[in-house]
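Visitor: I have a structure here, written as structure tokens, and I will follow up with some questions on it.
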Amino acid sequence: MSTAPVPRWRAWLLPCLYMAVIFVLSSFSWDVQIDESFPFRDKGIHFLEYAGLGFLCANAARASFPDRAVWRTLLVGAFVATAWGLGDELHQAFVPGRSADVMDLVADALGSLTGASVRFLVERAKTLSSSRVDPAGES
């Protein structure tokens, strides 16, 4: 039994909401104290934030274009998330108390690619589990 494809606008709703939250949060100057034991502190936060966005965008791209190769749709998701990171860094250049940082963009891009890769692994695991034959069902 196949399910009806999700309309593209619905597939992209959650990633767009996530992007809006990123935009709003980066519109303020934050004086956040980060635990010194957290590796790469600021860059780690960027990495995790964009890993989530990369996963969501890759998932939306996969739902939008199910007939395309999986790796292509996931690269589209990683690209969209990274492009949003670039836009966010440019936006921060104009926010008082914030600054644009190339290393933040690198962390955003690596996070986006990681999140999209996790989505790829989920797709691969789903494909592998559905292709296995149930030994109990054989006669």
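Just so we're on the same page: first chain in the structure tokens is A, next is B, and so on; residues restart at 1 for each chain, and ligands are numbered from 1 in the order they show up.
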Could you name the residues that touch Glu49 of chain A at 9 Å or less, counting only C-alpha atoms, but leaving out those on the same chain fewer than 5 positions away, as a ChimeraX atom specification?

Guide: /A:22,44,54,108,111-112

Visitor: Quick one: residues within 7 Å of Ala78 of chain A, only C-alpha atoms counted, chain neighbours fewer than 2 positions away excluded, as a ChimeraX atom specification?

Guide: /A:54,57-58,74-76,80-82,112-113,116

Visitor: Do a neighbour search on Ala100 of chain A at 10 Å with only C-alpha atoms, toss out local chain neighbours closer than 5 positions, and write the hits as a list in words.

Guide: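 The residues that qualify are Leu86, Gly87, Asp88, Glu89, Leu90, His91, Gln92, Ala93, Phe94, Val95 and Leu105 of chain A.
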
Visitor: Export, as a PDB file, in the first residue's frame, the selected residues with N, CA and C atoms.

Guide:
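Result file is again.pdb:
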```
ATOM      1  N   LEU A  86      24.852  30.834   5.389  1.00  0.00           N
ATOM      2  CA  LEU A  86      25.521  31.982   4.784  1.00  0.00           C
ATOM      3  C   LEU A  86      24.674  33.239   4.956  1.00  0.00           C
ATOM      4  N   GLY A  87      23.386  33.110   4.668  1.00  0.00           N
ATOM      5  CA  GLY A  87      22.482  34.255   4.850  1.00  0.00           C
ATOM      6  C   GLY A  87      22.423  34.713   6.295  1.00  0.00           C
ATOM      7  N   ASP A  88      22.458  33.769   7.217  1.00  0.00           N
ATOM      8  CA  ASP A  88      22.431  34.109   8.639  1.00  0.00           C
ATOM      9  C   ASP A  88      23.695  34.852   9.050  1.00  0.00           C
ATOM     10  N   GLU A  89      24.837  34.404   8.546  1.00  0.00           N
ATOM     11  CA  GLU A  89      26.090  35.111   8.868  1.00  0.00           C
ATOM     12  C   GLU A  89      26.079  36.537   8.295  1.00  0.00           C
ATOM     13  N   LEU A  90      25.580  36.688   7.079  1.00  0.00           N
ATOM     14  CA  LEU A  90      25.472  38.034   6.503  1.00  0.00           C
ATOM     15  C   LEU A  90      24.506  38.895   7.308  1.00  0.00           C
ATOM     16  N   HIS A  91      23.409  38.300   7.735  1.00  0.00           N
ATOM     17  CA  HIS A  91      22.429  39.011   8.567  1.00  0.00           C
ATOM     18  C   HIS A  91      23.064  39.485   9.870  1.00  0.00           C
ATOM     19  N   GLN A  92      23.859  38.619  10.495  1.00  0.00           N
ATOM     20  CA  GLN A  92      24.492  38.967  11.766  1.00  0.00           C
ATOM     21  C   GLN A  92      25.497  40.111  11.630  1.00  0.00           C
ATOM     22  N   ALA A  93      26.031  40.307  10.444  1.00  0.00           N
ATOM     23  CA  ALA A  93      26.977  41.414  10.230  1.00  0.00           C
ATOM     24  C   ALA A  93      26.306  42.767  10.458  1.00  0.00           C
ATOM     25  N   PHE A  94      24.979  42.803  10.345  1.00  0.00           N
ATOM     26  CA  PHE A  94      24.238  44.054  10.505  1.00  0.00           C
ATOM     27  C   PHE A  94      23.510  44.151  11.842  1.00  0.00           C
ATOM     28  N   VAL A  95      23.689  43.169  12.705  1.00  0.00           N
ATOM     29  CA  VAL A  95      23.052  43.176  14.022  1.00  0.00           C
ATOM     30  C   VAL A  95      24.053  43.720  15.035  1.00  0.00           C
ATOM     31  N   LEU A 105      30.376  29.821   9.582  1.00  0.00           N
ATOM     32  CA  LEU A 105      29.824  29.288   8.339  1.00  0.00           C
ATOM     33  C   LEU A 105      30.361  27.887   8.062  1.00  0.00           C
TER      34      LEU A 105
END
```

Visitor: Mind pulling up the distance from atom CA of Phe79 of chain A to atom CA of Lys126 of chain A?

Guide: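 Between atom CA of Lys126 of chain A and atom CA of Phe79 of chain A the gap works out to 23.4 Å.
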
Visitor: Have a look at A:Leu110, A:Leu121, A:Ala69, A:Leu14 and name the one nearest to Ile45 of chain A; count only C-alpha atoms.

Guide: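 The shortest atom-to-atom distance to Ile45 of chain A comes from A:Leu110.
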
Visitor: Looking at only C-alpha atoms, which of A:Tyr50, A:Gly97, A:Met103, A:Arg124 is the one that sits closest to Phe28 of chain A?

Guide: A:Gly97

Visitor: When DSSP works through the backbone of this structure, what residues of segment 1-129 of chain A end up as alpha helix (DSSP H), shown as a PDB file with N, CA and C atoms, in the first residue's frame?

Guide:
```pdb
ATOM      1  N   ARG A   8       4.547  19.642  -1.544  1.00  0.00           N
ATOM      2  CA  ARG A   8       5.868  20.245  -1.309  1.00  0.00           C
ATOM      3  C   ARG A   8       5.839  21.313  -0.234  1.00  0.00           C
ATOM      4  N   TRP A   9       4.790  22.122  -0.210  1.00  0.00           N
ATOM      5  CA  TRP A   9       4.755  23.195   0.792  1.00  0.00           C
ATOM      6  C   TRP A   9       4.697  22.618   2.199  1.00  0.00           C
ATOM      7  N   ARG A  10       4.015  21.480   2.372  1.00  0.00           N
ATOM      8  CA  ARG A  10       3.955  20.863   3.703  1.00  0.00           C
ATOM      9  C   ARG A  10       5.289  20.242   4.074  1.00  0.00           C
ATOM     10  N   ALA A  11       5.981  19.698   3.094  1.00  0.00           N
ATOM     11  CA  ALA A  11       7.283  19.085   3.360  1.00  0.00           C
ATOM     12  C   ALA A  11       8.288  20.120   3.847  1.00  0.00           C
ATOM     13  N   LEU A  13       7.492  23.020   5.405  1.00  0.00           N
ATOM     14  CA  LEU A  13       6.969  23.859   6.487  1.00  0.00           C
ATOM     15  C   LEU A  13       7.865  23.815   7.730  1.00  0.00           C
ATOM     16  N   LEU A  14       8.213  22.630   8.207  1.00  0.00           N
ATOM     17  CA  LEU A  14       9.043  22.516   9.403  1.00  0.00           C
ATOM     18  C   LEU A  14      10.444  23.111   9.205  1.00  0.00           C
ATOM     19  N   PRO A  15      11.135  22.820   8.098  1.00  0.00           N
ATOM     20  CA  PRO A  15      12.439  23.467   7.907  1.00  0.00           C
ATOM     21  C   PRO A  15      12.334  24.995   7.852  1.00  0.00           C
ATOM     22  N   CYS A  16      11.274  25.510   7.232  1.00  0.00           N
ATOM     23  CA  CYS A  16      11.116  26.967   7.160  1.00  0.00           C
ATOM     24  C   CYS A  16      10.851  27.572   8.537  1.00  0.00           C
ATOM     25  N   LEU A  17      10.083  26.885   9.361  1.00  0.00           N
ATOM     26  CA  LEU A  17       9.862  27.361  10.730  1.00  0.00           C
ATOM     27  C   LEU A  17      11.172  27.346  11.519  1.00  0.00           C
ATOM     28  N   TYR A  18      11.947  26.305  11.327  1.00  0.00           N
ATOM     29  CA  TYR A  18      13.248  26.198  11.987  1.00  0.00           C
ATOM     30  C   TYR A  18      14.159  27.350  11.531  1.00  0.00           C
ATOM     31  N   MET A  19      14.140  27.654  10.234  1.00  0.00           N
ATOM     32  CA  MET A  19      14.931  28.766   9.707  1.00  0.00           C
ATOM     33  C   MET A  19      14.469  30.090  10.307  1.00  0.00           C
ATOM     34  N   ALA A  20      13.163  30.250  10.478  1.00  0.00           N
ATOM     35  CA  ALA A  20      12.640  31.484  11.068  1.00  0.00           C
ATOM     36  C   ALA A  20      13.124  31.636  12.509  1.00  0.00           C
ATOM     37  N   VAL A  21      13.158  30.539  13.249  1.00  0.00           N
ATOM     38  CA  VAL A  21      13.657  30.591  14.626  1.00  0.00           C
ATOM     39  C   VAL A  21      15.130  30.994  14.630  1.00  0.00           C
ATOM     40  N   ILE A  22      15.917  30.419  13.733  1.00  0.00           N
ATOM     41  CA  ILE A  22      17.337  30.792  13.635  1.00  0.00           C
ATOM     42  C   ILE A  22      17.470  32.289  13.349  1.00  0.00           C
ATOM     43  N   PHE A  23      16.669  32.787  12.398  1.00  0.00           N
ATOM     44  CA  PHE A  23      16.738  34.198  12.030  1.00  0.00           C
ATOM     45  C   PHE A  23      16.392  35.093  13.220  1.00  0.00           C
ATOM     46  N   VAL A  24      15.332  34.755  13.916  1.00  0.00           N
ATOM     47  CA  VAL A  24      14.910  35.574  15.068  1.00  0.00           C
ATOM     48  C   VAL A  24      15.975  35.549  16.157  1.00  0.00           C
ATOM     49  N   LEU A  25      16.474  34.361  16.473  1.00  0.00           N
ATOM     50  CA  LEU A  25      17.489  34.263  17.529  1.00  0.00           C
ATOM     51  C   LEU A  25      18.771  34.998  17.161  1.00  0.00           C
ATOM     52  N   ARG A  41      32.960  25.254  21.838  1.00  0.00           N
ATOM     53  CA  ARG A  41      31.824  26.031  22.326  1.00  0.00           C
ATOM     54  C   ARG A  41      30.925  26.624  21.249  1.00  0.00           C
ATOM     55  N   ASP A  42      31.216  27.782  20.752  1.00  0.00           N
ATOM     56  CA  ASP A  42      30.348  28.473  19.788  1.00  0.00           C
ATOM     57  C   ASP A  42      30.207  27.673  18.500  1.00  0.00           C
ATOM     58  N   LYS A  43      31.282  27.127  18.019  1.00  0.00           N
ATOM     59  CA  LYS A  43      31.239  26.361  16.765  1.00  0.00           C
ATOM     60  C   LYS A  43      30.431  25.081  16.943  1.00  0.00           C
ATOM     61  N   GLY A  44      30.511  24.486  18.111  1.00  0.00           N
ATOM     62  CA  GLY A  44      29.729  23.287  18.397  1.00  0.00           C
ATOM     63  C   GLY A  44      28.236  23.579  18.382  1.00  0.00           C
ATOM     64  N   ILE A  45      27.850  24.727  18.897  1.00  0.00           N
ATOM     65  CA  ILE A  45      26.441  25.121  18.876  1.00  0.00           C
ATOM     66  C   ILE A  45      25.986  25.321  17.435  1.00  0.00           C
ATOM     67  N   HIS A  46      26.809  26.001  16.641  1.00  0.00           N
ATOM     68  CA  HIS A  46      26.482  26.187  15.217  1.00  0.00           C
ATOM     69  C   HIS A  46      26.358  24.832  14.520  1.00  0.00           C
ATOM     70  N   PHE A  47      27.288  23.930  14.794  1.00  0.00           N
ATOM     71  CA  PHE A  47      27.271  22.607  14.175  1.00  0.00           C
ATOM     72  C   PHE A  47      25.970  21.878  14.498  1.00  0.00           C
ATOM     73  N   LEU A  48      25.598  21.837  15.777  1.00  0.00           N
ATOM     74  CA  LEU A  48      24.377  21.127  16.182  1.00  0.00           C
ATOM     75  C   LEU A  48      23.121  21.787  15.623  1.00  0.00           C
ATOM     76  N   GLU A  49      23.092  23.103  15.651  1.00  0.00           N
ATOM     77  CA  GLU A  49      21.939  23.841  15.135  1.00  0.00           C
ATOM     78  C   GLU A  49      21.720  23.539  13.652  1.00  0.00           C
ATOM     79  N   TYR A  50      22.785  23.534  12.884  1.00  0.00           N
ATOM     80  CA  TYR A  50      22.665  23.304  11.451  1.00  0.00           C
ATOM     81  C   TYR A  50      22.609  21.823  11.090  1.00  0.00           C
ATOM     82  N   ALA A  51      23.032  20.951  11.983  1.00  0.00           N
ATOM     83  CA  ALA A  51      22.814  19.516  11.745  1.00  0.00           C
ATOM     84  C   ALA A  51      21.310  19.250  11.765  1.00  0.00           C
ATOM     85  N   GLY A  52      20.611  19.871  12.705  1.00  0.00           N
ATOM     86  CA  GLY A  52      19.154  19.745  12.740  1.00  0.00           C
ATOM     87  C   GLY A  52      18.518  20.301  11.485  1.00  0.00           C
ATOM     88  N   LEU A  53      18.978  21.463  11.049  1.00  0.00           N
ATOM     89  CA  LEU A  53      18.431  22.068   9.844  1.00  0.00           C
ATOM     90  C   LEU A  53      18.771  21.236   8.613  1.00  0.00           C
ATOM     91  N   GLY A  54      19.974  20.714   8.540  1.00  0.00           N
ATOM     92  CA  GLY A  54      20.365  19.863   7.409  1.00  0.00           C
ATOM     93  C   GLY A  54      19.501  18.621   7.322  1.00  0.00           C
ATOM     94  N   PHE A  55      19.208  18.010   8.470  1.00  0.00           N
ATOM     95  CA  PHE A  55      18.344  16.831   8.493  1.00  0.00           C
ATOM     96  C   PHE A  55      16.949  17.196   7.997  1.00  0.00           C
ATOM     97  N   LEU A  56      16.396  18.298   8.527  1.00  0.00           N
ATOM     98  CA  LEU A  56      15.037  18.707   8.138  1.00  0.00           C
ATOM     99  C   LEU A  56      14.957  19.063   6.653  1.00  0.00           C
ATOM    100  N   CYS A  57      15.957  19.781   6.149  1.00  0.00           N
ATOM    101  CA  CYS A  57      15.948  20.158   4.735  1.00  0.00           C
ATOM    102  C   CYS A  57      16.126  18.944   3.835  1.00  0.00           C
ATOM    103  N   ALA A  58      16.995  18.021   4.232  1.00  0.00           N
ATOM    104  CA  ALA A  58      17.181  16.802   3.445  1.00  0.00           C
ATOM    105  C   ALA A  58      15.904  15.973   3.446  1.00  0.00           C
ATOM    106  N   ASN A  59      15.226  15.925   4.580  1.00  0.00           N
ATOM    107  CA  ASN A  59      13.964  15.196   4.660  1.00  0.00           C
ATOM    108  C   ASN A  59      12.909  15.843   3.760  1.00  0.00           C
ATOM    109  N   ALA A  60      12.850  17.174   3.767  1.00  0.00           N
ATOM    110  CA  ALA A  60      11.884  17.881   2.923  1.00  0.00           C
ATOM    111  C   ALA A  60      12.206  17.699   1.444  1.00  0.00           C
ATOM    112  N   ALA A  61      13.487  17.760   1.097  1.00  0.00           N
ATOM    113  CA  ALA A  61      13.879  17.565  -0.303  1.00  0.00           C
ATOM    114  C   ALA A  61      13.556  16.148  -0.748  1.00  0.00           C
ATOM    115  N   ARG A  62      13.759  15.189   0.130  1.00  0.00           N
ATOM    116  CA  ARG A  62      13.450  13.795  -0.199  1.00  0.00           C
ATOM    117  C   ARG A  62      11.953  13.604  -0.411  1.00  0.00           C
ATOM    118  N   ALA A  63      11.148  14.247   0.449  1.00  0.00           N
ATOM    119  CA  ALA A  63       9.690  14.144   0.316  1.00  0.00           C
ATOM    120  C   ALA A  63       9.199  14.894  -0.922  1.00  0.00           C
ATOM    121  N   SER A  64       9.866  15.978  -1.281  1.00  0.00           N
ATOM    122  CA  SER A  64       9.466  16.777  -2.435  1.00  0.00           C
ATOM    123  C   SER A  64       9.798  16.109  -3.760  1.00  0.00           C
ATOM    124  N   VAL A  70      18.461   9.389  -4.131  1.00  0.00           N
ATOM    125  CA  VAL A  70      18.487   9.778  -2.719  1.00  0.00           C
ATOM    126  C   VAL A  70      19.634  10.739  -2.444  1.00  0.00           C
ATOM    127  N   TRP A  71      20.810  10.426  -2.930  1.00  0.00           N
ATOM    128  CA  TRP A  71      21.970  11.264  -2.624  1.00  0.00           C
ATOM    129  C   TRP A  71      21.805  12.676  -3.179  1.00  0.00           C
ATOM    130  N   ARG A  72      21.120  12.811  -4.312  1.00  0.00           N
ATOM    131  CA  ARG A  72      20.910  14.153  -4.879  1.00  0.00           C
ATOM    132  C   ARG A  72      19.980  14.985  -4.019  1.00  0.00           C
ATOM    133  N   THR A  73      18.891  14.370  -3.569  1.00  0.00           N
ATOM    134  CA  THR A  73      17.956  15.136  -2.741  1.00  0.00           C
ATOM    135  C   THR A  73      18.591  15.513  -1.412  1.00  0.00           C
ATOM    136  N   LEU A  74      19.439  14.645  -0.893  1.00  0.00           N
ATOM    137  CA  LEU A  74      20.085  14.956   0.374  1.00  0.00           C
ATOM    138  C   LEU A  74      21.145  16.042   0.207  1.00  0.00           C
ATOM    139  N   LEU A  75      21.813  16.064  -0.932  1.00  0.00           N
ATOM    140  CA  LEU A  75      22.746  17.168  -1.197  1.00  0.00           C
ATOM    141  C   LEU A  75      21.993  18.491  -1.346  1.00  0.00           C
ATOM    142  N   VAL A  76      20.805  18.429  -1.936  1.00  0.00           N
ATOM    143  CA  VAL A  76      19.974  19.642  -2.029  1.00  0.00           C
ATOM    144  C   VAL A  76      19.640  20.136  -0.624  1.00  0.00           C
ATOM    145  N   GLY A  77      19.267  19.216   0.255  1.00  0.00           N
ATOM    146  CA  GLY A  77      18.965  19.600   1.632  1.00  0.00           C
ATOM    147  C   GLY A  77      20.156  20.228   2.330  1.00  0.00           C
ATOM    148  N   ALA A  78      21.331  19.631   2.172  1.00  0.00           N
ATOM    149  CA  ALA A  78      22.547  20.183   2.785  1.00  0.00           C
ATOM    150  C   ALA A  78      22.880  21.546   2.192  1.00  0.00           C
ATOM    151  N   PHE A  79      22.677  21.690   0.880  1.00  0.00           N
ATOM    152  CA  PHE A  79      22.941  22.972   0.226  1.00  0.00           C
ATOM    153  C   PHE A  79      22.006  24.063   0.738  1.00  0.00           C
ATOM    154  N   VAL A  80      20.719  23.751   0.840  1.00  0.00           N
ATOM    155  CA  VAL A  80      19.745  24.738   1.315  1.00  0.00           C
ATOM    156  C   VAL A  80      20.088  25.179   2.743  1.00  0.00           C
ATOM    157  N   ALA A  81      20.409  24.223   3.600  1.00  0.00           N
ATOM    158  CA  ALA A  81      20.751  24.548   4.984  1.00  0.00           C
ATOM    159  C   ALA A  81      22.033  25.391   5.058  1.00  0.00           C
ATOM    160  N   THR A  82      23.019  25.040   4.254  1.00  0.00           N
ATOM    161  CA  THR A  82      24.270  25.808   4.243  1.00  0.00           C
ATOM    162  C   THR A  82      24.038  27.209   3.688  1.00  0.00           C
ATOM    163  N   ALA A  83      23.217  27.317   2.667  1.00  0.00           N
ATOM    164  CA  ALA A  83      22.891  28.641   2.118  1.00  0.00           C
ATOM    165  C   ALA A  83      22.196  29.492   3.171  1.00  0.00           C
ATOM    166  N   TRP A  84      21.339  28.869   3.971  1.00  0.00           N
ATOM    167  CA  TRP A  84      20.698  29.624   5.054  1.00  0.00           C
ATOM    168  C   TRP A  84      21.752  30.067   6.068  1.00  0.00           C
ATOM    169  N   GLY A  85      22.738  29.226   6.322  1.00  0.00           N
ATOM    170  CA  GLY A  85      23.830  29.607   7.221  1.00  0.00           C
ATOM    171  C   GLY A  85      24.597  30.802   6.701  1.00  0.00           C
ATOM    172  N   LEU A  86      24.852  30.834   5.389  1.00  0.00           N
ATOM    173  CA  LEU A  86      25.521  31.982   4.784  1.00  0.00           C
ATOM    174  C   LEU A  86      24.674  33.239   4.956  1.00  0.00           C
ATOM    175  N   GLY A  87      23.386  33.110   4.668  1.00  0.00           N
ATOM    176  CA  GLY A  87      22.482  34.255   4.850  1.00  0.00           C
ATOM    177  C   GLY A  87      22.423  34.713   6.295  1.00  0.00           C
ATOM    178  N   ASP A  88      22.458  33.769   7.217  1.00  0.00           N
ATOM    179  CA  ASP A  88      22.431  34.109   8.639  1.00  0.00           C
ATOM    180  C   ASP A  88      23.695  34.852   9.050  1.00  0.00           C
ATOM    181  N   GLU A  89      24.837  34.404   8.546  1.00  0.00           N
ATOM    182  CA  GLU A  89      26.090  35.111   8.868  1.00  0.00           C
ATOM    183  C   GLU A  89      26.079  36.537   8.295  1.00  0.00           C
ATOM    184  N   LEU A  90      25.580  36.688   7.079  1.00  0.00           N
ATOM    185  CA  LEU A  90      25.472  38.034   6.503  1.00  0.00           C
ATOM    186  C   LEU A  90      24.506  38.895   7.308  1.00  0.00           C
ATOM    187  N   HIS A  91      23.409  38.300   7.735  1.00  0.00           N
ATOM    188  CA  HIS A  91      22.429  39.011   8.567  1.00  0.00           C
ATOM    189  C   HIS A  91      23.064  39.485   9.870  1.00  0.00           C
ATOM    190  N   GLN A  92      23.859  38.619  10.495  1.00  0.00           N
ATOM    191  CA  GLN A  92      24.492  38.967  11.766  1.00  0.00           C
ATOM    192  C   GLN A  92      25.497  40.111  11.630  1.00  0.00           C
ATOM    193  N   VAL A 102      33.549  33.521   9.351  1.00  0.00           N
ATOM    194  CA  VAL A 102      33.721  32.464   8.356  1.00  0.00           C
ATOM    195  C   VAL A 102      33.755  31.094   9.025  1.00  0.00           C
ATOM    196  N   MET A 103      34.351  30.991  10.202  1.00  0.00           N
ATOM    197  CA  MET A 103      34.411  29.707  10.887  1.00  0.00           C
ATOM    198  C   MET A 103      33.027  29.257  11.361  1.00  0.00           C
ATOM    199  N   ASP A 104      32.146  30.207  11.673  1.00  0.00           N
ATOM    200  CA  ASP A 104      30.762  29.843  11.983  1.00  0.00           C
ATOM    201  C   ASP A 104      30.105  29.237  10.747  1.00  0.00           C
ATOM    202  N   LEU A 105      30.376  29.821   9.582  1.00  0.00           N
ATOM    203  CA  LEU A 105      29.824  29.288   8.339  1.00  0.00           C
ATOM    204  C   LEU A 105      30.361  27.887   8.062  1.00  0.00           C
ATOM    205  N   VAL A 106      31.631  27.658   8.353  1.00  0.00           N
ATOM    206  CA  VAL A 106      32.209  26.320   8.179  1.00  0.00           C
ATOM    207  C   VAL A 106      31.502  25.330   9.104  1.00  0.00           C
ATOM    208  N   ALA A 107      31.274  25.729  10.360  1.00  0.00           N
ATOM    209  CA  ALA A 107      30.556  24.864  11.301  1.00  0.00           C
ATOM    210  C   ALA A 107      29.127  24.619  10.824  1.00  0.00           C
ATOM    211  N   ASP A 108      28.492  25.654  10.272  1.00  0.00           N
ATOM    212  CA  ASP A 108      27.140  25.509   9.722  1.00  0.00           C
ATOM    213  C   ASP A 108      27.129  24.498   8.573  1.00  0.00           C
ATOM    214  N   ALA A 109      28.095  24.619   7.674  1.00  0.00           N
ATOM    215  CA  ALA A 109      28.165  23.730   6.507  1.00  0.00           C
ATOM    216  C   ALA A 109      28.441  22.291   6.933  1.00  0.00           C
ATOM    217  N   LEU A 110      29.371  22.098   7.857  1.00  0.00           N
ATOM    218  CA  LEU A 110      29.674  20.742   8.328  1.00  0.00           C
ATOM    219  C   LEU A 110      28.467  20.138   9.058  1.00  0.00           C
ATOM    220  N   GLY A 111      27.784  20.961   9.844  1.00  0.00           N
ATOM    221  CA  GLY A 111      26.581  20.494  10.527  1.00  0.00           C
ATOM    222  C   GLY A 111      25.492  20.129   9.534  1.00  0.00           C
ATOM    223  N   SER A 112      25.295  20.971   8.515  1.00  0.00           N
ATOM    224  CA  SER A 112      24.281  20.705   7.495  1.00  0.00           C
ATOM    225  C   SER A 112      24.557  19.400   6.767  1.00  0.00           C
ATOM    226  N   LEU A 113      25.801  19.199   6.395  1.00  0.00           N
ATOM    227  CA  LEU A 113      26.179  17.966   5.701  1.00  0.00           C
ATOM    228  C   LEU A 113      26.017  16.747   6.608  1.00  0.00           C
ATOM    229  N   THR A 114      26.342  16.902   7.874  1.00  0.00           N
ATOM    230  CA  THR A 114      26.182  15.806   8.825  1.00  0.00           C
ATOM    231  C   THR A 114      24.704  15.456   9.018  1.00  0.00           C
ATOM    232  N   GLY A 115      23.866  16.476   9.192  1.00  0.00           N
ATOM    233  CA  GLY A 115      22.436  16.232   9.357  1.00  0.00           C
ATOM    234  C   GLY A 115      21.826  15.567   8.136  1.00  0.00           C
ATOM    235  N   ALA A 116      22.220  16.025   6.951  1.00  0.00           N
ATOM    236  CA  ALA A 116      21.730  15.405   5.715  1.00  0.00           C
ATOM    237  C   ALA A 116      22.240  13.972   5.593  1.00  0.00           C
ATOM    238  N   SER A 117      23.467  13.733   6.043  1.00  0.00           N
ATOM    239  CA  SER A 117      24.029  12.378   6.004  1.00  0.00           C
ATOM    240  C   SER A 117      23.278  11.444   6.943  1.00  0.00           C
ATOM    241  N   VAL A 118      22.887  11.954   8.094  1.00  0.00           N
ATOM    242  CA  VAL A 118      22.090  11.141   9.013  1.00  0.00           C
ATOM    243  C   VAL A 118      20.766  10.778   8.346  1.00  0.00           C
ATOM    244  N   ARG A 119      20.166  11.736   7.646  1.00  0.00           N
ATOM    245  CA  ARG A 119      18.919  11.454   6.927  1.00  0.00           C
ATOM    246  C   ARG A 119      19.154  10.393   5.854  1.00  0.00           C
ATOM    247  N   PHE A 120      20.308  10.444   5.186  1.00  0.00           N
ATOM    248  CA  PHE A 120      20.671   9.437   4.192  1.00  0.00           C
ATOM    249  C   PHE A 120      20.778   8.059   4.847  1.00  0.00           C
ATOM    250  N   LEU A 121      21.403   7.997   6.023  1.00  0.00           N
ATOM    251  CA  LEU A 121      21.553   6.727   6.720  1.00  0.00           C
ATOM    252  C   LEU A 121      20.194   6.170   7.156  1.00  0.00           C
ATOM    253  N   VAL A 122      19.285   7.059   7.553  1.00  0.00           N
ATOM    254  CA  VAL A 122      17.929   6.624   7.902  1.00  0.00           C
ATOM    255  C   VAL A 122      17.260   6.016   6.673  1.00  0.00           C
ATOM    256  N   GLU A 123      17.402   6.685   5.529  1.00  0.00           N
ATOM    257  CA  GLU A 123      16.825   6.173   4.277  1.00  0.00           C
ATOM    258  C   GLU A 123      17.433   4.824   3.912  1.00  0.00           C
ATOM    259  N   ARG A 124      18.745   4.710   4.067  1.00  0.00           N
ATOM    260  CA  ARG A 124      19.437   3.459   3.743  1.00  0.00           C
ATOM    261  C   ARG A 124      18.977   2.334   4.656  1.00  0.00           C
ATOM    262  N   ALA A 125      18.859   2.615   5.944  1.00  0.00           N
ATOM    263  CA  ALA A 125      18.413   1.595   6.895  1.00  0.00           C
ATOM    264  C   ALA A 125      16.986   1.152   6.585  1.00  0.00           C
ATOM    265  N   LYS A 126      16.139   2.102   6.211  1.00  0.00           N
ATOM    266  CA  LYS A 126      14.764   1.779   5.859  1.00  0.00           C
ATOM    267  C   LYS A 126      14.724   0.890   4.619  1.00  0.00           C
ATOM    268  N   THR A 127      15.549   1.208   3.633  1.00  0.00           N
ATOM    269  CA  THR A 127      15.602   0.426   2.401  1.00  0.00           C
ATOM    270  C   THR A 127      16.120  -0.985   2.678  1.00  0.00           C
ATOM    271  N   LEU A 128      17.169  -1.084   3.483  1.00  0.00           N
ATOM    272  CA  LEU A 128      17.735  -2.398   3.793  1.00  0.00           C
ATOM    273  C   LEU A 128      16.765  -3.253   4.588  1.00  0.00           C
ATOM    274  N   SER A 129      16.066  -2.655   5.542  1.00  0.00           N
ATOM    275  CA  SER A 129      15.137  -3.453   6.351  1.00  0.00           C
ATOM    276  C   SER A 129      13.931  -3.899   5.549  1.00  0.00           C
TER     277      SER A 129
END
```
